[in-house]
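Novice: Hey, dropping protein.pdb in here, PDB, C-alpha atoms and all ligand atoms:
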ATOM      1  CA  MET A   1      34.046 129.316 -87.471
ATOM      2  CA  GLY A   2      34.593 132.780 -88.827
ATOM      3  CA  CYS A   3      33.987 136.373 -87.955
ATOM      4  CA  THR A   4      30.599 137.962 -88.775
ATOM      5  CA  ALA A   5      29.830 141.543 -89.823
ATOM      6  CA  SER A   6      29.234 142.575 -86.217
ATOM      7  CA  GLY A   7      32.531 140.970 -85.177
ATOM      8  CA  VAL A   8      34.361 142.894 -87.901
ATOM      9  CA  ALA A   9      32.571 146.105 -86.891
ATOM     10  CA  ASP A  10      33.585 145.570 -83.238
ATOM     11  CA  ALA A  11      37.202 145.046 -84.302
ATOM     12  CA  LEU A  12      37.115 148.343 -86.215
ATOM     13  CA  ARG A  13      35.645 150.131 -83.208
ATOM     14  CA  ALA A  14      38.610 148.784 -81.256
ATOM     15  CA  VAL A  15      40.942 150.139 -83.961
ATOM     16  CA  ALA A  16      39.335 153.569 -83.518
ATOM     17  CA  VAL A  17      40.068 153.454 -79.772
ATOM     18  CA  VAL A  18      43.693 152.456 -80.379
ATOM     19  CA  VAL A  19      44.189 155.146 -83.036
ATOM     20  CA  ALA A  20      42.834 157.743 -80.591
ATOM     21  CA  GLU A  21      45.187 156.454 -77.871
ATOM     22  CA  HIS A  22      48.169 156.655 -80.241
ATOM     23  CA  ARG A  23      47.203 159.924 -81.920
ATOM     24  CA  ALA A  24      50.019 161.908 -80.266
ATOM     25  CA  GLU A  25      52.615 159.210 -80.972
ATOM     26  CA  LEU A  26      51.674 159.098 -84.665
ATOM     27  CA  ILE A  27      51.830 162.892 -84.825
ATOM     28  CA  GLU A  28      55.326 162.855 -83.268
ATOM     29  CA  LEU A  29      56.563 160.232 -85.726
ATOM     30  CA  ASP A  30      55.168 162.209 -88.662
ATOM     31  CA  ARG A  31      56.563 165.475 -87.289
ATOM     32  CA  ALA A  32      60.089 164.024 -87.542
ATOM     33  CA  ILE A  33      59.953 163.058 -91.233
ATOM     34  CA  GLY A  34      56.663 164.456 -92.554
ATOM     35  CA  ASP A  35      54.174 167.197 -91.751
ATOM     36  CA  GLY A  36      52.946 165.961 -88.386
ATOM     37  CA  ASP A  37      49.361 165.186 -89.290
ATOM     38  CA  HIS A  38      49.238 161.383 -89.501
ATOM     39  CA  GLY A  39      47.746 160.891 -86.016
ATOM     40  CA  GLU A  40      45.174 163.614 -86.592
ATOM     41  CA  ASN A  41      44.292 162.324 -90.068
ATOM     42  CA  LEU A  42      43.700 158.763 -88.880
ATOM     43  CA  ASN A  43      41.909 159.797 -85.713
ATOM     44  CA  ARG A  44      39.504 161.917 -87.743
ATOM     45  CA  GLY A  45      38.978 159.034 -90.168
ATOM     46  CA  PHE A  46      38.323 156.339 -87.577
ATOM     47  CA  THR A  47      36.095 158.641 -85.526
ATOM     48  CA  ALA A  48      34.009 159.004 -88.697
ATOM     49  CA  VAL A  49      34.108 155.208 -89.189
ATOM     50  CA  VAL A  50      32.598 154.680 -85.727
ATOM     51  CA  ALA A  51      29.903 157.285 -86.467
ATOM     52  CA  ALA A  52      29.087 155.525 -89.752
ATOM     53  CA  LEU A  53      28.888 152.128 -88.002
ATOM     54  CA  ASP A  54      26.689 153.655 -85.276
ATOM     55  CA  ALA A  55      24.337 154.988 -87.948
ATOM     56  CA  LYS A  56      24.023 151.571 -89.572
ATOM     57  CA  THR A  57      26.240 148.487 -89.423
ATOM     58  CA  PRO A  58      26.167 146.741 -92.823
ATOM     59  CA  GLU A  59      25.111 143.115 -92.979
ATOM     60  CA  THR A  60      28.236 141.448 -94.340
ATOM     61  CA  PRO A  61      31.930 141.757 -93.409
ATOM     62  CA  GLY A  62      32.678 142.931 -96.955
ATOM     63  CA  ALA A  63      30.078 145.696 -96.723
ATOM     64  CA  VAL A  64      31.539 146.798 -93.363
ATOM     65  CA  LEU A  65      34.998 147.090 -94.932
ATOM     66  CA  LYS A  66      33.553 148.968 -97.887
ATOM     67  CA  LEU A  67      31.933 151.475 -95.524
ATOM     68  CA  VAL A  68      35.294 151.873 -93.778
ATOM     69  CA  ALA A  69      36.979 152.442 -97.144
ATOM     70  CA  THR A  70      34.580 155.119 -98.364
ATOM     71  CA  THR A  71      34.652 156.851 -94.985
ATOM     72  CA  LEU A  72      38.466 156.902 -94.826
ATOM     73  CA  ILE A  73      38.738 158.125 -98.423
ATOM     74  CA  SER A  74      36.348 161.010 -97.753
ATOM     75  CA  LYS A  75      37.677 161.992 -94.291
ATOM     76  CA  VAL A  76      41.396 161.278 -94.024
ATOM     77  CA  GLY A  77      43.064 163.052 -96.946
ATOM     78  CA  GLY A  78      46.837 163.196 -97.402
ATOM     79  CA  ALA A  79      48.713 160.121 -98.555
ATOM     80  CA  ALA A  80      47.324 157.728 -95.973
ATOM     81  CA  GLY A  81      43.612 158.328 -96.670
ATOM     82  CA  PRO A  82      43.565 157.068-100.256
ATOM     83  CA  LEU A  83      46.071 154.321 -99.395
ATOM     84  CA  TYR A  84      44.150 152.915 -96.433
ATOM     85  CA  GLY A  85      40.915 153.538 -98.328
ATOM     86  CA  THR A  86      42.164 151.488-101.265
ATOM     87  CA  ALA A  87      43.386 148.733 -98.925
ATOM     88  CA  PHE A  88      39.970 148.422 -97.265
ATOM     89  CA  LEU A  89      38.176 148.657-100.615
ATOM     90  CA  ARG A  90      40.253 145.842-102.136
ATOM     91  CA  ALA A  91      39.837 143.766 -98.981
ATOM     92  CA  ALA A  92      36.069 144.353 -99.154
ATOM     93  CA  THR A  93      35.947 143.276-102.787
ATOM     94  CA  SER A  94      37.953 140.174-101.978
ATOM     95  CA  LEU A  95      35.431 139.187 -99.256
ATOM     96  CA  GLY A  96      32.506 139.664-101.650
ATOM     97  CA  ASP A  97      29.161 138.807-100.034
ATOM     98  CA  LYS A  98      30.462 136.116 -97.650
ATOM     99  CA  SER A  99      28.589 136.123 -94.340
ATOM    100  CA  GLU A 100      31.704 135.264 -92.297
ATOM    101  CA  VAL A 101      35.464 135.802 -92.556
ATOM    102  CA  ASP A 102      37.380 132.568 -92.066
ATOM    103  CA  VAL A 103      41.154 132.049 -92.203
ATOM    104  CA  ASP A 104      41.366 131.757 -95.976
ATOM    105  CA  ALA A 105      39.136 134.780 -96.540
ATOM    106  CA  ALA A 106      41.141 136.854 -94.043
ATOM    107  CA  VAL A 107      44.443 135.983 -95.679
ATOM    108  CA  ALA A 108      43.053 136.747 -99.136
ATOM    109  CA  ALA A 109      41.660 140.070 -97.860
ATOM    110  CA  LEU A 110      45.030 141.031 -96.362
ATOM    111  CA  ARG A 111      46.780 140.144 -99.625
ATOM    112  CA  ALA A 112      44.215 142.192-101.590
ATOM    113  CA  GLY A 113      44.741 145.142 -99.227
ATOM    114  CA  LEU A 114      48.501 145.042 -99.741
ATOM    115  CA  GLU A 115      48.074 144.848-103.509
ATOM    116  CA  GLY A 116      45.751 147.846-103.346
ATOM    117  CA  VAL A 117      48.282 149.922-101.409
ATOM    118  CA  GLN A 118      51.034 148.993-103.843
ATOM    119  CA  ALA A 119      48.879 149.609-106.918
ATOM    120  CA  ARG A 120      47.930 153.031-105.605
ATOM    121  CA  GLY A 121      51.214 154.210-104.057
ATOM    122  CA  LYS A 122      53.820 152.266-106.058
ATOM    123  CA  ALA A 123      55.921 151.647-102.944
ATOM    124  CA  VAL A 124      57.999 148.490-102.719
ATOM    125  CA  ALA A 125      59.801 146.843 -99.788
ATOM    126  CA  GLY A 126      62.454 149.122 -98.326
ATOM    127  CA  ASP A 127      60.876 152.436 -99.389
ATOM    128  CA  LYS A 128      60.112 153.250 -95.715
ATOM    129  CA  THR A 129      56.303 153.230 -95.904
ATOM    130  CA  MET A 130      53.344 151.290 -94.547
ATOM    131  CA  VAL A 131      54.238 148.643 -97.144
ATOM    132  CA  ASP A 132      57.223 147.704 -94.961
ATOM    133  CA  ALA A 133      54.774 146.660 -92.230
ATOM    134  CA  LEU A 134      52.021 145.258 -94.448
ATOM    135  CA  LEU A 135      54.157 143.169 -96.792
ATOM    136  CA  PRO A 136      55.812 140.996 -94.110
ATOM    137  CA  ALA A 137      52.447 140.805 -92.325
ATOM    138  CA  VAL A 138      50.761 139.287 -95.376
ATOM    139  CA  ALA A 139      53.630 136.844 -95.884
ATOM    140  CA  ALA A 140      53.449 135.779 -92.221
ATOM    141  CA  ALA A 141      49.656 135.405 -92.395
ATOM    142  CA  GLU A 142      49.944 133.210 -95.476
ATOM    143  CA  GLN A 143      52.582 131.089 -93.809
ATOM    144  CA  ALA A 144      50.592 130.770 -90.564
ATOM    145  CA  ALA A 145      47.454 129.829 -92.511
ATOM    146  CA  GLY A 146      49.343 126.838 -93.893
ATOM    147  CA  THR A 147      50.009 125.524 -90.386
ATOM    148  CA  GLU A 148      47.840 122.668 -89.091
ATOM    149  CA  GLY A 149      44.919 123.956 -86.990
ATOM    150  CA  ALA A 150      45.646 127.651 -87.487
ATOM    151  CA  ASP A 151      42.649 129.798 -86.583
ATOM    152  CA  LEU A 152      41.867 133.451 -87.316
ATOM    153  CA  ALA A 153      43.500 134.600 -84.074
ATOM    154  CA  ALA A 154      46.737 132.717 -84.832
ATOM    155  CA  VAL A 155      46.914 134.023 -88.391
ATOM    156  CA  LEU A 156      46.230 137.644 -87.424
ATOM    157  CA  THR A 157      48.675 137.414 -84.515
ATOM    158  CA  ALA A 158      51.382 136.196 -86.901
ATOM    159  CA  ALA A 159      50.542 139.106 -89.213
ATOM    160  CA  ALA A 160      50.650 141.615 -86.344
ATOM    161  CA  ASP A 161      53.990 140.334 -85.052
ATOM    162  CA  ALA A 162      55.518 140.549 -88.523
ATOM    163  CA  ALA A 163      54.096 144.055 -88.982
ATOM    164  CA  ALA A 164      55.700 145.145 -85.698
ATOM    165  CA  GLY A 165      59.042 143.820 -86.919
ATOM    166  CA  GLY A 166      58.539 145.506 -90.274
ATOM    167  CA  TYR A 167      57.775 148.790 -88.539
ATOM    168  CA  GLN A 168      61.026 148.557 -86.556
ATOM    169  CA  SER A 169      62.928 147.845 -89.764
ATOM    170  CA  THR A 170      61.862 151.239 -91.184
ATOM    171  CA  MET A 171      64.264 152.941 -88.738
ATOM    172  CA  ASP A 172      67.333 152.493 -90.916
ATOM    173  CA  MET A 173      65.612 152.946 -94.262
ATOM    174  CA  VAL A 174      65.943 156.001 -96.488
ATOM    175  CA  ALA A 175      62.468 157.084 -97.617
ATOM    176  CA  ARG A 176      61.763 156.801-101.325
ATOM    177  CA  LYS A 177      58.021 157.496-101.296
ATOM    178  CA  GLY A 178      55.783 160.112 -99.700
ATOM    179  CA  ARG A 179      56.767 163.316 -97.909
ATOM    180  CA  ALA A 180      59.616 161.673 -96.004
ATOM    181  CA  SER A 181      61.395 161.105 -99.322
ATOM    182  CA  TYR A 182      61.937 164.891 -99.569
ATOM    183  CA  LEU A 183      64.419 164.482 -96.693
ATOM    184  CA  GLY A 184      66.504 161.937 -98.595
ATOM    185  CA  GLU A 185      69.258 160.448 -96.394
ATOM    186  CA  ARG A 186      68.070 162.538 -93.443
ATOM    187  CA  SER A 187      64.972 160.343 -93.206
ATOM    188  CA  ALA A 188      67.168 157.483 -91.938
ATOM    189  CA  GLY A 189      67.201 157.110 -88.140
ATOM    190  CA  HIS A 190      63.454 157.693 -87.821
ATOM    191  CA  LEU A 191      60.563 155.237 -87.773
ATOM    192  CA  ASP A 192      57.825 155.538 -90.397
ATOM    193  CA  PRO A 193      54.445 156.749 -89.081
ATOM    194  CA  GLY A 194      52.378 154.816 -91.638
ATOM    195  CA  ALA A 195      54.203 151.583 -90.809
ATOM    196  CA  ARG A 196      53.384 152.283 -87.152
ATOM    197  CA  SER A 197      49.676 152.798 -87.855
ATOM    198  CA  THR A 198      49.556 149.627 -89.962
ATOM    199  CA  SER A 199      51.224 147.717 -87.162
ATOM    200  CA  LEU A 200      48.735 149.131 -84.599
ATOM    201  CA  LEU A 201      45.819 148.265 -86.859
ATOM    202  CA  LEU A 202      46.892 144.658 -87.304
ATOM    203  CA  ALA A 203      47.710 144.248 -83.603
ATOM    204  CA  THR A 204      44.202 145.440 -82.771
ATOM    205  CA  LEU A 205      42.543 143.114 -85.287
ATOM    206  CA  ALA A 206      44.565 140.206 -83.858
ATOM    207  CA  LYS A 207      43.576 141.086 -80.304
ATOM    208  CA  ALA A 208      39.917 141.300 -81.349
ATOM    209  CA  ALA A 209      40.143 137.819 -82.877
ATOM    210  CA  ARG A 210      41.602 136.242 -79.697
TER     211      ARG A 210
HETATM  212  P1  LIG B 301      50.806 162.966 -95.710
HETATM  213  O1  LIG B 301      52.213 162.501 -95.926
HETATM  214  O2  LIG B 301      50.110 163.331 -96.986
HETATM  215  O3  LIG B 301      50.722 164.030 -94.658
HETATM  216  P2  LIG B 301      50.030 160.996 -93.734
HETATM  217  O4  LIG B 301      50.916 161.751 -92.817
HETATM  218  O5  LIG B 301      48.649 160.742 -93.249
HETATM  219  O6  LIG B 301      49.977 161.682 -95.160
HETATM  220  O7  LIG B 301      50.669 159.565 -94.054
HETATM  221  C1  LIG B 301      52.059 159.404 -94.194
HETATM  222  C2  LIG B 301      52.366 157.929 -94.363
HETATM  223  O8  LIG B 301      51.836 157.460 -95.592
HETATM  224  C3  LIG B 301      53.841 157.616 -94.436
HETATM  225  O9  LIG B 301      54.391 157.447 -93.154
HETATM  226  C4  LIG B 301      53.904 156.336 -95.251
HETATM  227  O10 LIG B 301      53.845 155.185 -94.444
HETATM  228  C5  LIG B 301      52.634 156.395 -96.055
HETATM  229  N1  LIG B 301      52.931 156.635 -97.470
HETATM  230  C6  LIG B 301      53.219 157.812 -98.079
HETATM  231  N2  LIG B 301      53.391 157.631 -99.408
HETATM  232  C7  LIG B 301      53.209 156.300 -99.638
HETATM  233  C8  LIG B 301      53.228 155.461-100.798
HETATM  234  N3  LIG B 301      53.481 155.969-102.015
HETATM  235  N4  LIG B 301      52.990 154.141-100.647
HETATM  236  C9  LIG B 301      52.729 153.624 -99.430
HETATM  237  N5  LIG B 301      52.678 154.360 -98.299
HETATM  238  C10 LIG B 301      52.917 155.669 -98.403
HETATM  239 MG    MG B 302      51.599 163.627 -92.753
HETATM  240 MG    MG B 303      49.636 165.815 -94.637
END
Go ahead and render the structure in this file as structure tokens.
Ligand code: ADP
Ligand code: MG
Ligand code: MG
Specialist:
Amino acid sequence: MGCTASGVADALRAVAVVVAEHRAELIELDRAIGDGDHGENLNRGFTAVVAALDAKTPETPGAVLKLVATTLISKVGGAAGPLYGTAFLRAATSLGDKSEVDVDAAVAALRAGLEGVQARGKAVAGDKTMVDALLPAVAAAEQAAGTEGADLAAVLTAAADAAAGGYQSTMDMVARKGRASYLGERSAGHLDPGARSTSLLLATLAKAAR
């Protein structure tokens, strides 16, 4: 059994709640090594996502993710808007017109999202970006999906746990992409805000699937 369009929409509504709850934390993280707007940017974007879903929830999971993508691209701005927008757009394309997201489709969508972020932002592992949360998350999801009897909840929980670890690993990294890279060595000793938001997003999707 997989997750339908309304299940995916509910999970994204839950993401909006979590982003709002963590708005101040994301702002603080971005204030240390960026310009302090990450929490505000994402909160604005996901508030608009909820409004778009309220207006009309699309009929397939892929169409829901596409609506999320276009909304984030038009509302978020900065680095994260186009990056998250591209991730959701690639994930949407990967789902196509399937009526439900099963384990294989979810893993493929996560992989497509990561590839979108990397195609757009050119960040690799260790650059101290959201890629440092997303990359280990995708690897963990793929590994979990290969385990006997793994369901969507198990796969997304594995992804979320790996993303949390990846987020923590950004502490010691020197930023090589985005605004934080302007600080050079001084960016070390701080956690990356985009890796935090990616980790929150995946944790919320996992919780919604359980
Ligand atoms: P801005 O830096 O334009 O103010 P945000 O504050 O919303 O944008 O987002 C900052 C986050 O975006 C960073 O913490 C980092 O995780 C992510 N980021 C920035 N540049 C890149 C990139 N080239 N590739 C991947 N992620 C990036
Ligand atoms: Mg910022
Ligand atoms: Mg900014």
Novice: Would you list the residues that come within 7 Å of ligand MG 302 (chain B)? Count only C-alpha atoms and all ligand atoms and give the answer as number ranges by chain.
Specialist: A: 30, 34-38, 78
Novice: Between A:Gly45, A:Gly178, A:Gly184, A:Pro61, which one has atoms that come closest to ligand MG 303 (chain B), using only C-alpha atoms and all ligand atoms?
Specialist: A:Gly178
Novice: Measuring atom to atom with only C-alpha atoms, identify which of A:Ala123, A:Ala32, A:Leu156, A:Leu12 is nearest to Ala51 in chain A.
Specialist: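 Smallest distance to Ala51 in chain A is found for A:Leu12.
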Novice: For a cut-off of 8 Å around (47.7, 153.5, -99.7), file coordinates, pick out all residues using only C-alpha atoms and list them as a PyMOL selection string.
Specialist: chain A and resi 79-87+116-118+120-121+130
Novice: Within 8 Å of Thr60 in chain A, counting all atoms listed in the file, which residues show up once you throw out same-chain ones fewer than 5 positions away? Write them as a PyMOL selection string, please.
Specialist: chain A and resi 4-5+97-100
Novice: Run the PyMOL selection byres (((chain A and resi 133) around 10) and not hetatm) on the file and write out the hits as number ranges by chain.
Specialist: A: 114, 125, 128-132, 134-138, 159-170, 192, 194-199, 202
Novice: Calculate how many Å separate CA of Asp151 in chain A from CA of Phe46 in chain A, rounding to one decimal.
Specialist: 26.9 Å
Novice: Would you work out the distance separating CA of Ala106 in chain A from CA of Leu67 in chain A, expressed in Å to one decimal?
Specialist: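 Computing it gives 17.3 Å between the two atoms.
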Novice: Work out how far apart CA of Lys66 in chain A and CA of Thr93 in chain A are and give it in Å to one decimal.
Specialist: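 These atoms are spaced 7.9 Å apart.
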Novice: Just say which residues the PyMOL selection byres (((chain A and resi 155) around 6) and not hetatm) picks in this file, as a ChimeraX atom specification.
Specialist: /A:141,144-145,152-154,156-158
Novice: Using only C-alpha atoms and all ligand atoms, find the one residue out of A:Ala105, A:Val64, A:Ala180, A:Ala14 that sits nearest to ligand MG 303 (chain B).
Specialist: A:Ala180
Novice: Which centre and which edge lengths, in Å to one decimal, describe the axis-aligned box that holds all listed atoms of ligand LIG 301 (chain B) after 4 Å is added on each side, as AutoDock Vina command-line options?
Specialist:
--center_x 51.5 --center_y 158.8 --center_z -97.4 --size_x 13.7 --size_y 18.4 --size_z 17.2
Novice: Evaluate the PyMOL selection byres (((chain A and resi 172) around 6) and not hetatm) and record the selected residues as a ChimeraX atom specification, following the chain and residue labels used in the document.
Specialist: /A:170-171,173,188-189
Novice: Between A:Val17, A:Leu95, A:Cys3, A:Ala175, which one has atoms that come closest to ligand LIG 301 (chain B), using only C-alpha atoms and all ligand atoms?
Specialist: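 Result for the nearest residue to ligand LIG 301 (chain B): A:Ala175.
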Novice: Between A:Thr71, A:Thr204, A:Ser187, A:Thr47, single out the one closest to ligand LIG 301 (chain B), counting all atoms listed in the file.
Specialist: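 Ranking A:Thr71, A:Thr204, A:Ser187, A:Thr47 by distance to ligand LIG 301 (chain B), first place goes to A:Ser187.
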Novice: Using all atoms listed in the file, pick whichever of A:Gly96, A:Gly126, A:Gly77, A:Gly146 has the shortest atom-to-atom distance to ligand MG 303 (chain B).
Specialist: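 Using all atoms listed in the file, the shortest distance to ligand MG 303 (chain B) belongs to A:Gly77.
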